[in-house]
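Raw contents of start-v5.cif, mmCIF, C-alpha atoms:
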data_my_file
loop_
_atom_site.label_atom_id
_atom_site.label_comp_id
_atom_site.auth_asym_id
_atom_site.auth_seq_id
_atom_site.Cartn_x
_atom_site.Cartn_y
_atom_site.Cartn_z
CA MET A 1 14.66 172.93 99.78
CA VAL A 2 18.25 174.31 99.87
CA SER A 3 20.08 171.52 98.15
CA GLN A 4 23.57 171.75 99.72
CA ASP A 5 22.08 171.55 103.23
CA LEU A 6 20.23 168.33 102.54
CA LYS A 7 20.49 165.61 105.14
CA PHE A 8 20.66 162.05 103.80
CA LEU A 9 19.84 158.70 105.33
CA ILE A 10 21.79 155.97 103.53
CA SER A 11 20.56 152.49 104.36
CA ASP A 12 22.38 149.43 103.05
CA ASP A 13 23.72 146.36 104.85
CA SER A 14 27.01 146.73 102.95
CA ILE A 15 29.50 149.22 104.38
CA LEU A 16 31.10 149.37 100.93
CA ALA A 17 27.81 150.24 99.22
CA ARG A 18 27.14 152.97 101.81
CA LYS A 19 30.64 154.39 101.25
CA GLN A 20 30.22 154.38 97.44
CA LEU A 21 26.94 156.27 97.69
CA LYS A 22 28.42 158.70 100.20
CA ASP A 23 31.43 159.28 97.92
CA VAL A 24 29.09 160.28 95.06
CA LEU A 25 27.17 162.71 97.28
CA THR A 26 30.34 164.10 98.89
CA SER A 27 31.86 164.79 95.48
CA ALA A 28 28.68 166.75 94.63
CA GLY A 29 29.19 168.94 97.71
CA TYR A 30 26.94 167.24 100.27
CA SER A 31 28.23 166.44 103.74
CA ASN A 32 25.30 165.65 106.00
CA PHE A 33 24.75 161.88 106.29
CA VAL A 34 23.38 159.31 108.68
CA GLU A 35 23.76 155.60 107.96
CA ALA A 36 21.68 152.53 108.70
CA ARG A 37 22.75 148.88 108.33
CA ASP A 38 19.25 147.44 107.99
CA GLY A 39 15.64 148.45 107.41
CA LYS A 40 14.75 148.55 111.10
CA GLU A 41 17.61 150.94 111.90
CA ALA A 42 16.57 153.09 108.91
CA VAL A 43 13.02 153.48 110.24
CA THR A 44 14.29 154.29 113.76
CA LEU A 45 16.74 156.89 112.44
CA TYR A 46 14.12 158.47 110.21
CA ALA A 47 11.81 158.89 113.19
CA LYS A 48 14.60 160.51 115.24
CA GLU A 49 16.44 162.70 112.73
CA LYS A 50 15.21 165.34 110.33
CA ILE A 51 15.97 163.59 107.04
CA ASP A 52 15.50 165.16 103.59
CA VAL A 53 16.31 162.21 101.31
CA VAL A 54 16.49 158.47 102.04
CA PHE A 55 18.45 155.99 99.91
CA LEU A 56 17.28 152.45 100.66
CA ASP A 57 18.59 149.07 99.57
CA ILE A 58 15.95 146.34 99.21
CA VAL A 59 17.69 143.16 100.36
CA MET A 60 18.52 143.91 104.00
CA PRO A 61 18.31 142.06 107.34
CA GLN A 62 15.60 142.69 109.98
CA ILE A 63 13.20 144.60 107.73
CA ASP A 64 13.68 144.65 103.96
CA GLY A 65 13.68 147.87 101.97
CA ILE A 66 10.07 147.63 100.76
CA GLU A 67 8.75 147.21 104.31
CA ALA A 68 11.03 150.05 105.47
CA VAL A 69 9.44 152.35 102.82
CA LYS A 70 5.98 151.54 104.19
CA GLN A 71 7.01 152.21 107.79
CA ILE A 72 8.82 155.46 106.91
CA LYS A 73 5.82 156.66 104.88
CA ALA A 74 3.60 155.88 107.88
CA ILE A 75 5.80 158.25 109.92
CA ASP A 76 6.00 160.93 107.21
CA ASP A 77 3.86 160.74 104.11
CA ASN A 78 6.08 163.34 102.40
CA ALA A 79 9.30 161.32 102.84
CA ASN A 80 11.62 161.40 99.79
CA ILE A 81 12.73 157.80 99.34
CA VAL A 82 14.90 156.42 96.53
CA MET A 83 15.53 152.69 96.21
CA VAL A 84 19.05 151.61 95.20
CA SER A 85 19.14 147.88 94.62
CA SER A 86 20.48 145.10 92.40
CA VAL A 87 17.05 143.41 92.47
CA GLY A 88 15.36 145.57 89.85
CA THR A 89 12.63 143.14 88.81
CA GLN A 90 9.34 144.62 87.59
CA GLY A 91 7.69 143.15 90.70
CA GLN A 92 10.11 144.80 93.11
CA ILE A 93 10.05 148.16 91.33
CA LYS A 94 6.25 148.12 91.35
CA ALA A 95 6.16 147.16 95.04
CA ALA A 96 8.62 149.93 95.94
CA ILE A 97 6.75 152.63 94.00
CA GLU A 98 3.37 151.48 95.36
CA ALA A 99 4.80 151.61 98.88
CA GLY A 100 5.77 155.24 98.27
CA ALA A 101 9.33 155.30 96.89
CA LYS A 102 9.91 158.18 94.45
CA ASP A 103 12.46 156.42 92.25
CA PHE A 104 14.39 153.20 91.71
CA ILE A 105 18.07 152.98 90.77
CA GLN A 106 19.42 149.62 89.60
CA LYS A 107 22.84 148.65 90.97
CA PRO A 108 25.54 148.97 89.78
CA PHE A 109 24.86 152.69 89.54
CA VAL A 110 26.90 155.50 88.05
CA SER A 111 27.14 158.79 89.91
CA ASN A 112 25.05 160.69 87.35
CA GLN A 113 22.04 158.46 88.00
CA ILE A 114 22.13 159.34 91.70
CA LEU A 115 22.60 163.06 91.06
CA THR A 116 19.86 163.22 88.39
CA VAL A 117 17.33 161.56 90.69
CA LEU A 118 18.38 163.89 93.50
CA ASP A 119 18.01 166.91 91.24
CA ASN A 120 14.46 165.82 90.39
CA ILE A 121 13.60 165.52 94.06
CA VAL A 122 15.08 168.94 94.89
CA LYS A 123 13.08 170.48 92.02
CA GLY A 124 9.98 168.72 93.29
CA ASN A 125 9.51 166.65 90.12
CA MET B 1 36.04 137.01 76.50
CA PHE B 2 35.47 133.27 76.06
CA THR B 3 39.08 132.33 76.45
CA GLN B 4 38.69 131.45 80.13
CA LEU B 5 37.53 127.99 79.20
CA PHE B 6 40.68 127.06 77.30
CA GLY B 7 42.47 126.29 80.56
CA ASN B 8 39.56 124.13 81.63
CA PHE B 9 39.69 122.36 78.25
CA LEU B 10 43.36 121.54 78.86
CA LEU B 11 42.48 120.13 82.30
CA ARG B 12 39.77 117.90 80.86
CA LYS B 13 42.16 116.64 78.19
CA GLY B 14 44.55 115.71 80.98
CA VAL B 15 47.44 117.63 79.43
CA VAL B 16 47.94 119.79 82.53
CA THR B 17 47.44 119.24 86.24
CA PRO B 18 45.43 121.83 88.22
CA GLU B 19 48.67 122.91 89.94
CA GLN B 20 50.49 123.40 86.63
CA LEU B 21 47.52 125.34 85.25
CA VAL B 22 47.24 127.66 88.28
CA THR B 23 50.98 128.43 88.19
CA ALA B 24 50.92 129.04 84.43
CA ILE B 25 47.90 131.37 84.73
CA GLN B 26 49.59 133.40 87.45
CA ASP B 27 52.90 133.56 85.57
CA SER B 28 51.18 134.51 82.31
CA ALA B 29 49.89 137.82 83.69
CA GLU B 30 52.87 139.75 82.34
CA SER B 31 53.57 137.59 79.26
CA HIS B 32 53.14 138.32 75.58
CA VAL B 33 52.41 135.81 72.86
CA LYS B 34 55.44 134.91 70.75
CA LEU B 35 55.26 135.16 66.99
CA GLY B 36 55.74 131.39 66.57
CA THR B 37 52.68 130.63 68.70
CA LEU B 38 50.63 133.19 66.77
CA CYS B 39 51.72 131.62 63.47
CA ILE B 40 50.63 128.14 64.62
CA HIS B 41 47.31 129.50 65.81
CA SER B 42 46.63 131.30 62.54
CA GLY B 43 47.59 128.22 60.53
CA LEU B 44 50.35 130.05 58.64
CA MET B 45 53.07 127.75 59.94
CA SER B 46 53.23 124.21 61.30
CA ALA B 47 54.69 123.37 64.70
CA ASN B 48 57.70 121.77 62.96
CA GLU B 49 58.40 124.93 60.99
CA VAL B 50 58.22 127.04 64.14
CA GLU B 51 60.56 124.65 65.99
CA LYS B 52 62.99 124.79 63.06
CA ILE B 53 63.17 128.59 63.25
CA TYR B 54 63.76 128.48 67.01
CA VAL B 55 66.71 126.11 66.35
CA LEU B 56 68.04 128.42 63.60
CA GLN B 57 67.80 131.36 66.01
CA THR B 58 70.24 129.63 68.36
CA HIS B 59 72.91 129.80 65.59
CA ARG B 60 72.33 133.28 64.26
CA ASP B 61 71.30 136.69 65.47
CA ALA B 62 68.06 137.28 63.54
CA ARG B 63 64.43 137.83 64.37
CA PHE B 64 61.83 135.10 64.04
CA GLY B 65 59.97 137.01 61.32
CA GLU B 66 63.09 137.63 59.22
CA ILE B 67 64.03 133.95 59.20
CA ALA B 68 60.42 132.89 58.50
CA ILE B 69 60.41 135.09 55.38
CA GLU B 70 63.86 133.88 54.28
CA GLU B 71 62.76 130.27 54.67
CA GLY B 72 59.63 130.99 52.63
CA TYR B 73 57.17 130.21 55.45
CA LEU B 74 55.71 133.73 55.54
CA THR B 75 55.37 136.60 53.10
CA PRO B 76 56.16 140.10 54.44
CA ALA B 77 52.42 140.89 54.27
CA GLN B 78 51.53 137.80 56.30
CA LEU B 79 54.17 138.72 58.87
CA GLU B 80 52.75 142.21 59.20
CA ASP B 81 49.23 140.86 59.51
CA VAL B 82 50.08 138.32 62.20
CA MET B 83 52.01 140.93 64.18
CA GLU B 84 49.08 143.35 64.08
CA HIS B 85 46.60 140.81 65.38
CA GLN B 86 47.83 139.49 68.66
CA GLY B 87 45.32 136.61 68.62
CA PRO B 88 43.01 135.45 71.37
CA ARG B 89 44.22 135.79 74.93
CA TYR B 90 44.25 132.08 75.62
CA LEU B 91 47.38 131.90 73.49
CA ILE B 92 49.26 133.63 76.33
CA LEU B 93 48.37 130.71 78.58
CA ALA B 94 49.36 128.23 75.88
CA GLN B 95 52.66 130.06 75.44
CA GLU B 96 53.36 129.90 79.18
CA LEU B 97 52.72 126.15 79.22
CA ILE B 98 55.16 125.69 76.33
CA GLU B 99 57.83 127.70 78.11
CA LYS B 100 57.38 125.59 81.23
CA GLY B 101 57.91 122.44 79.15
CA ILE B 102 54.38 121.19 79.90
CA LEU B 103 53.28 121.42 76.25
CA THR B 104 55.24 121.13 73.01
CA HIS B 105 54.45 123.16 69.88
CA ASP B 106 53.24 119.95 68.22
CA GLU B 107 50.82 119.24 71.05
CA LEU B 108 49.58 122.83 71.01
CA GLU B 109 48.90 122.65 67.28
CA VAL B 110 46.62 119.62 67.78
CA LEU B 111 44.98 121.02 70.93
CA LEU B 112 44.11 124.32 69.24
CA VAL B 113 42.31 122.49 66.44
CA ASP B 114 40.46 120.29 68.99
CA TYR B 115 39.49 123.30 71.10
CA GLN B 116 38.26 125.31 68.14
CA ASN B 117 36.26 122.32 66.86
CA GLU B 118 34.71 121.72 70.27
CA THR B 119 33.64 125.32 70.70
CA GLU B 120 32.98 125.91 66.99
CA LEU B 121 34.67 129.24 67.40
CA TYR B 122 37.62 130.23 65.32
CA ASP B 123 38.36 133.65 66.65
CA LEU B 124 36.99 133.85 70.14
CA ASP B 125 37.97 137.43 70.83
CA MET B 126 36.07 138.67 67.79
CA LEU B 127 32.74 137.41 69.13
CA ASP B 128 32.39 139.25 72.41
CA GLU B 129 28.75 140.15 71.86
CA GLN B 130 27.53 136.71 71.00
CA LYS B 131 26.00 135.46 74.20
CA ASP B 132 24.77 132.29 72.54
CA GLN B 133 28.33 131.20 72.02
CA LEU B 134 29.13 131.78 75.69
CA LYS B 135 26.07 129.77 76.64
CA LYS B 136 27.29 126.94 74.47
CA LEU B 137 30.63 126.98 76.24
CA VAL B 138 29.02 127.01 79.68
CA LEU B 139 26.66 124.19 78.65
CA ASN B 140 29.61 122.15 77.56
CA PHE B 141 31.27 122.89 80.89
CA CYS B 142 28.17 121.86 82.89
CA GLU B 143 27.65 118.69 80.87
CA GLN B 144 31.18 117.61 81.74
CA SER B 145 30.13 117.94 85.40
CA GLY B 146 26.82 116.10 84.99
CA ILE B 147 24.54 119.15 85.36
CA SER B 148 21.40 119.16 83.21
CA ARG B 149 21.33 121.70 80.39
CA ASP B 150 17.80 122.71 81.43
CA ASP B 151 18.81 123.68 84.95
CA LEU B 152 18.75 127.40 85.67
CA VAL B 153 22.23 126.99 87.11
CA VAL B 154 23.48 127.01 83.50
CA ASP B 155 22.10 130.56 83.13
CA TYR B 156 23.49 131.37 86.55
CA LEU B 157 27.03 130.33 85.57
CA GLN B 158 26.77 132.04 82.19
CA LEU B 159 25.86 135.32 83.90
CA LEU B 160 28.53 134.72 86.55
CA PHE B 161 31.27 134.50 83.91
CA ASN B 162 29.90 137.67 82.31
CA ASN B 163 29.82 139.52 85.62
CA LEU B 164 33.28 138.36 86.65
CA ILE B 165 34.61 139.64 83.34
CA ARG B 166 32.64 142.87 83.74
CA PHE B 167 33.44 143.66 87.37
CA ILE B 168 36.69 141.82 88.19
CA GLY B 169 38.49 141.05 84.93
CA ASP B 170 38.83 138.39 82.26
CA ASP B 171 42.16 136.94 83.43
CA PHE B 172 40.64 133.82 84.97
CA THR B 173 40.21 130.19 84.09
CA PRO B 174 37.50 128.02 85.66
CA LEU B 175 38.88 124.73 86.96
CA ASN B 176 36.61 121.68 87.11
CA LEU B 177 33.45 121.62 89.23
CA ILE B 178 33.92 119.54 92.39
CA GLN B 179 30.95 118.13 94.31
CA PHE B 180 31.34 118.09 98.10
CA ASN B 181 29.45 117.87 101.39
CA HIS B 182 31.54 119.95 103.78
CA TYR B 183 33.61 122.97 102.89
CA ASN B 184 36.10 124.69 105.14
CA PRO B 185 35.86 128.39 104.21
CA MET B 186 38.48 131.14 104.33
CA ILE B 187 36.81 134.54 103.76
CA CYS B 188 33.33 133.54 102.68
CA ALA B 189 30.06 135.30 101.88
CA THR B 190 26.89 133.29 101.28
CA GLN B 191 23.46 134.17 99.94
CA MET B 192 20.29 132.18 99.33
CA ILE B 193 18.08 132.58 96.27
CA THR B 194 14.57 131.39 97.14
CA GLY B 195 11.15 130.96 95.54
CA ASN B 196 10.10 128.47 92.86
CA TYR B 197 13.78 127.80 92.30
CA ASN B 198 16.19 127.56 95.22
CA LEU B 199 19.90 128.05 94.90
CA GLY B 200 22.49 128.42 97.63
CA THR B 201 25.41 130.61 96.57
CA ALA B 202 28.73 131.51 98.14
CA ILE B 203 32.04 133.14 97.28
CA ASP B 204 35.22 132.30 99.15
CA MET B 205 38.89 133.24 98.94
CA SER B 206 41.95 133.94 101.07
CA GLU B 207 42.50 137.36 102.66
CA GLU B 208 45.30 138.12 100.23
CA VAL B 209 43.16 137.28 97.19
CA ALA B 210 40.22 139.22 98.68
CA ILE B 211 42.34 142.41 98.82
CA GLU B 212 42.97 142.30 95.06
CA PHE B 213 39.41 141.14 94.33
CA ALA B 214 38.00 144.07 96.33
CA SER B 215 40.40 146.55 94.73
CA ARG B 216 39.22 145.55 91.28
CA TYR B 217 35.54 145.41 92.24
CA ALA B 218 35.42 148.76 94.04
CA GLY B 219 37.96 150.50 91.78
CA GLU B 220 40.10 151.36 94.80
CA SER B 221 43.57 150.34 95.98
CA PHE B 222 43.13 148.32 99.14
CA THR B 223 46.41 147.32 100.76
CA GLN B 224 45.17 145.40 103.79
CA PHE B 225 42.25 143.20 104.70
CA ASP B 226 39.51 145.24 106.37
CA GLU B 227 35.72 145.54 106.56
CA TYR B 228 35.52 147.18 103.13
CA VAL B 229 37.43 144.30 101.54
CA SER B 230 35.21 141.81 103.33
CA ALA B 231 32.06 143.71 102.23
CA SER B 232 33.13 143.62 98.60
CA LEU B 233 32.65 139.82 98.51
CA GLU B 234 29.09 140.16 99.79
CA ASP B 235 28.50 143.08 97.43
CA PHE B 236 29.67 141.20 94.37
CA LEU B 237 27.61 138.14 95.27
CA ASN B 238 24.53 140.27 96.00
CA LEU B 239 24.96 142.23 92.78
CA HIS B 240 25.43 139.13 90.65
CA ASN B 241 22.51 137.32 92.30
CA GLY B 242 20.31 140.40 91.93
CA LEU B 243 21.08 140.64 88.21
CA PHE B 244 20.37 136.89 87.88
CA ILE B 245 16.95 137.35 89.49
CA VAL B 246 16.19 140.26 87.16
CA ASN B 247 17.13 138.11 84.14
CA VAL B 248 14.96 135.21 85.35
CA SER B 249 12.06 137.57 85.99
CA ASN B 250 12.40 139.06 82.50
CA SER B 251 12.65 135.73 80.67
CA THR B 252 10.13 133.68 82.71
CA ASP B 253 7.19 134.42 84.98
CA MET B 254 9.25 133.45 87.99
CA GLU B 255 9.79 136.06 90.72
CA LEU B 256 12.64 134.86 92.91
CA LYS B 257 13.75 136.39 96.20
CA LEU B 258 17.15 137.09 97.68
CA GLU B 259 18.00 136.59 101.33
CA PRO B 260 20.49 139.13 102.73
CA PRO B 261 24.10 138.01 102.21
CA VAL B 262 25.83 136.56 105.25
CA GLU B 263 29.51 136.48 106.15
CA LEU B 264 30.29 132.93 107.15
CA GLY B 265 33.15 133.30 109.63
CA ASN B 266 34.95 130.09 110.57
CA GLU B 267 31.96 127.76 110.42
CA ILE B 268 32.05 124.71 108.17
CA TYR B 269 29.83 125.29 105.14
CA ALA B 270 27.55 122.28 104.69
CA PRO B 271 24.23 123.34 103.13
CA GLU B 272 21.50 120.82 102.31
CA GLY B 273 21.45 119.74 98.67
CA SER B 274 24.10 119.07 96.03
CA THR B 275 26.88 121.59 96.41
CA TYR B 276 29.45 122.25 93.72
CA LEU B 277 32.70 124.10 94.18
CA LEU B 278 33.89 126.02 91.14
CA PRO B 279 37.45 127.26 91.61
CA LEU B 280 38.31 130.18 89.33
CA SER B 281 42.00 130.62 88.88
CA TYR B 282 42.71 134.35 88.52
CA THR B 283 46.20 135.70 87.89
CA PHE B 284 46.10 137.11 91.46
CA GLY B 285 44.90 133.85 93.09
CA THR B 286 41.94 131.51 93.33
CA VAL B 287 38.35 132.71 93.79
CA ASN B 288 36.00 129.89 94.83
CA ILE B 289 32.34 129.97 93.84
CA LEU B 290 29.95 127.54 95.54
CA VAL B 291 26.48 126.71 94.26
CA THR B 292 24.00 124.43 96.01
CA LEU B 293 21.15 122.92 94.03
CA LYS B 294 18.19 122.16 96.28
#

The structure in this file should be written as structure tokens.
Amino acid sequence: MVSQDLKFLISDDSILARKQLKDVLTSAGYSNFVEARDGKEAVTLYAKEKIDVVFLDIVMPQIDGIEAVKQIKAIDDNANIVMVSSVGTQGQIKAAIEAGAKDFIQKPFVSNQILTVLDNIVKGN
Amino acid sequence: MFTQLFGNFLLRKGVVTPEQLVTAIQDSAESHVKLGTLCIHSGLMSANEVEKIYVLQTHRDARFGEIAIEEGYLTPAQLEDVMEHQGPRYLILAQELIEKGILTHDELEVLLVDYQNETELYDLDMLDEQKDQLKKLVLNFCEQSGISRDDLVVDYLQLLFNNLIRFIGDDFTPLNLIQFNHYNPMICATQMITGNYNLGTAIDMSEEVAIEFASRYAGESFTQFDEYVSASLEDFLNLHNGLFIVNVSNSTDMELKLEPPVELGNEIYAPEGSTYLLPLSYTFGTVNILVTLK
């Protein structure tokens, strides 16, 4: 995986949260993004575009983040999905990982958390 | 950190009206505490002694500290000490109320003792880490409004004050809780917490206040109301509610759920249950928090 060419799908119902995540990735040199406002749109976009890494919120309209993980994994079992949510209960983290998410970042995040998780994914950890 | 409740204490005592308090909070943003107020707070001088020095200062060109030493009220070491420690931030509010003629130094002297006795805290700013003390203050606040101390809403409000301080700033004072049936919102985001405990939550403010709120929350300088400003209200509410759910999950066996936040638009807000409006008077304007107990 050539890291600077990565294409990201950022899914969060908050335009501000999507912008903050994009700002972190842009400052690290990435520029290829697609955005989804809910879980359903995220699944549709994943099926259409060639996505390398997905950042998913949990609390979203239409389909929540956990269900979106399941549907994306059904499309592509190798999907790289990272949850970014304020609802970091043990139950939700467990549900996300069991559904196939690779990592969970509790909001509010700092940029290093995002970049460290991304680095692990690029290195295949 | 716990000084926000001093303004609410003054309201409950009936020594200020909500309008006087809001104006004083907004005007106090740029103020500094005067030496006389600090001396009353630290117990080094009485209100009468402070008043006497202010009168003397009208006849001669000398600093407060110089006269206090000459008159034997303070030693040079005490003066240095009191100048180094600016005291808790609520003194700035007290100072502003004195300058507006709403409080006298005598009244402040008595009120400070009452407030410190009620909260059992003598130096509020020194105890930032002591969450138990904050809980005590919030409990006191809820009891004044008839909310049971066992209700999870006490934890909710305690965390809310923490998160407001953490993400927006500590320059606010909660006014009294108001129970209501119908609320006419301005810019309003709502979110439901569901499960074994149900709580309706909302945050509401004017466009102008939202611009400053969003700027502080997102760490950016917004100059006009737009979708990012609007989203910051939902974001803050969602973040706070998410952290609340995590806390509840960690301290009990309860797994609560969050519904996605919703922007209310111009609809009247009239959820089922007992709804309380908690106005928080920030130096940049009023932020309204609404909680509905099901």

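For the pair CA of Val248 (chain B) and CA of Gly200 (chain B), the separation is 15.9 Å.
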
**Request:** In the coordinate frame of the file, compute which residues have an atom within 10 Å of (39.9, 130.3, 85.0) when using all atoms listed in the file, and state them as a PyMOL selection string.
**Result:** chain B and resi 3-8+21-22+25+161+170-176+278-283+286-287

Identify all residues satisfying the PyMOL selection byres ((chain A and resi 79) around 12) in the given file; provide them as an mmCIF file with C-alpha atoms, in the frame of the given file.
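Below you can see selection_14.cif, which holds the result:
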data_model
loop_
_atom_site.group_PDB
_atom_site.id
_atom_site.type_symbol
_atom_site.label_atom_id
_atom_site.label_comp_id
_atom_site.auth_asym_id
_atom_site.auth_seq_id
_atom_site.Cartn_x
_atom_site.Cartn_y
_atom_site.Cartn_z
ATOM 1 C CA PHE A 8 20.660 162.050 103.800
ATOM 2 C CA LEU A 9 19.840 158.700 105.330
ATOM 3 C CA VAL A 43 13.020 153.480 110.240
ATOM 4 C CA TYR A 46 14.120 158.470 110.210
ATOM 5 C CA ALA A 47 11.810 158.890 113.190
ATOM 6 C CA LYS A 50 15.210 165.340 110.330
ATOM 7 C CA ILE A 51 15.970 163.590 107.040
ATOM 8 C CA ASP A 52 15.500 165.160 103.590
ATOM 9 C CA VAL A 53 16.310 162.210 101.310
ATOM 10 C CA VAL A 54 16.490 158.470 102.040
ATOM 11 C CA PHE A 55 18.450 155.990 99.910
ATOM 12 C CA ALA A 68 11.030 150.050 105.470
ATOM 13 C CA VAL A 69 9.440 152.350 102.820
ATOM 14 C CA LYS A 70 5.980 151.540 104.190
ATOM 15 C CA GLN A 71 7.010 152.210 107.790
ATOM 16 C CA ILE A 72 8.820 155.460 106.910
ATOM 17 C CA LYS A 73 5.820 156.660 104.880
ATOM 18 C CA ALA A 74 3.600 155.880 107.880
ATOM 19 C CA ILE A 75 5.800 158.250 109.920
ATOM 20 C CA ASP A 76 6.000 160.930 107.210
ATOM 21 C CA ASP A 77 3.860 160.740 104.110
ATOM 22 C CA ASN A 78 6.080 163.340 102.400
ATOM 23 C CA ASN A 80 11.620 161.400 99.790
ATOM 24 C CA ILE A 81 12.730 157.800 99.340
ATOM 25 C CA VAL A 82 14.900 156.420 96.530
ATOM 26 C CA ALA A 99 4.800 151.610 98.880
ATOM 27 C CA GLY A 100 5.770 155.240 98.270
ATOM 28 C CA ALA A 101 9.330 155.300 96.890
ATOM 29 C CA LYS A 102 9.910 158.180 94.450
ATOM 30 C CA ILE A 121 13.600 165.520 94.060
#

Given the file shown, enumerate the residues that the PyMOL selection byres ((chain B) within 10 of (chain A)) captures and present them as a PyMOL selection string. chain B and resi 167+214+218+227-236+238-250+255-262

Padding 8 Å on every side, please: axis-aligned box over the listed atoms of region 220-229 of chain B, centre and edge lengths to one decimal in Å, as AutoDock Vina command-line options.
--center_x 41.0 --center_y 147.3 --center_z 100.7 --size_x 26.9 --size_y 24.2 --size_z 27.8

*Please return, as JSON, numbers by chain, all polymer residues that have at least one atom within 10 Å of the point (54.7, 130.2, 70.0); use all atoms listed in the file and the file's own coordinate frame.*
{"B": [32, 33, 34, 35, 36, 37, 38, 39, 40, 41, 47, 50, 51, 54, 91, 92, 94, 95, 96, 98, 99, 104, 105, 108, 109]}

Give me region 207-225 of chain B with N, CA and C atoms filled in, as a tab-separated table (two decimals), in the coordinates of the input.
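Written out: rebuild30.tsv:
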chain	number	residue	atom	x	y	z
B	207	GLU	N	42.44	135.92	102.39
B	207	GLU	CA	42.50	137.36	102.66
B	207	GLU	C	43.29	138.09	101.58
B	208	GLU	N	44.41	137.48	101.22
B	208	GLU	CA	45.30	138.12	100.23
B	208	GLU	C	44.59	138.28	98.88
B	209	VAL	N	43.89	137.23	98.47
B	209	VAL	CA	43.16	137.28	97.19
B	209	VAL	C	42.01	138.29	97.30
B	210	ALA	N	41.36	138.31	98.49
B	210	ALA	CA	40.22	139.22	98.68
B	210	ALA	C	40.64	140.68	98.52
B	211	ILE	N	41.87	141.02	98.94
B	211	ILE	CA	42.34	142.41	98.82
B	211	ILE	C	42.38	142.84	97.35
B	212	GLU	N	42.90	141.96	96.49
B	212	GLU	CA	42.97	142.30	95.06
B	212	GLU	C	41.58	142.26	94.43
B	213	PHE	N	40.79	141.27	94.84
B	213	PHE	CA	39.41	141.14	94.33
B	213	PHE	C	38.63	142.42	94.64
B	214	ALA	N	38.73	142.87	95.89
B	214	ALA	CA	38.00	144.07	96.33
B	214	ALA	C	38.50	145.31	95.60
B	215	SER	N	39.82	145.39	95.41
B	215	SER	CA	40.40	146.55	94.73
B	215	SER	C	39.83	146.67	93.32
B	216	ARG	N	39.75	145.53	92.64
B	216	ARG	CA	39.22	145.55	91.28
B	216	ARG	C	37.72	145.85	91.30
B	217	TYR	N	37.00	145.24	92.21
B	217	TYR	CA	35.54	145.41	92.24
B	217	TYR	C	35.14	146.84	92.57
B	218	ALA	N	35.82	147.42	93.58
B	218	ALA	CA	35.42	148.76	94.04
B	218	ALA	C	36.18	149.87	93.31
B	219	GLY	N	37.17	149.49	92.48
B	219	GLY	CA	37.96	150.50	91.78
B	219	GLY	C	38.82	151.32	92.74
B	220	GLU	N	39.23	150.68	93.83
B	220	GLU	CA	40.10	151.36	94.80
B	220	GLU	C	41.36	150.53	95.01
B	221	SER	N	42.33	151.10	95.73
B	221	SER	CA	43.57	150.34	95.98
B	221	SER	C	43.63	149.94	97.44
B	222	PHE	N	43.05	148.81	97.76
B	222	PHE	CA	43.13	148.32	99.14
B	222	PHE	C	44.49	147.67	99.34
B	223	THR	N	45.10	147.92	100.50
B	223	THR	CA	46.41	147.32	100.76
B	223	THR	C	46.36	146.34	101.92
B	224	GLN	N	45.29	146.38	102.71
B	224	GLN	CA	45.17	145.40	103.79
B	224	GLN	C	43.73	144.92	103.91
B	225	PHE	N	43.58	143.77	104.55
B	225	PHE	CA	42.25	143.20	104.70
B	225	PHE	C	41.48	143.97	105.77
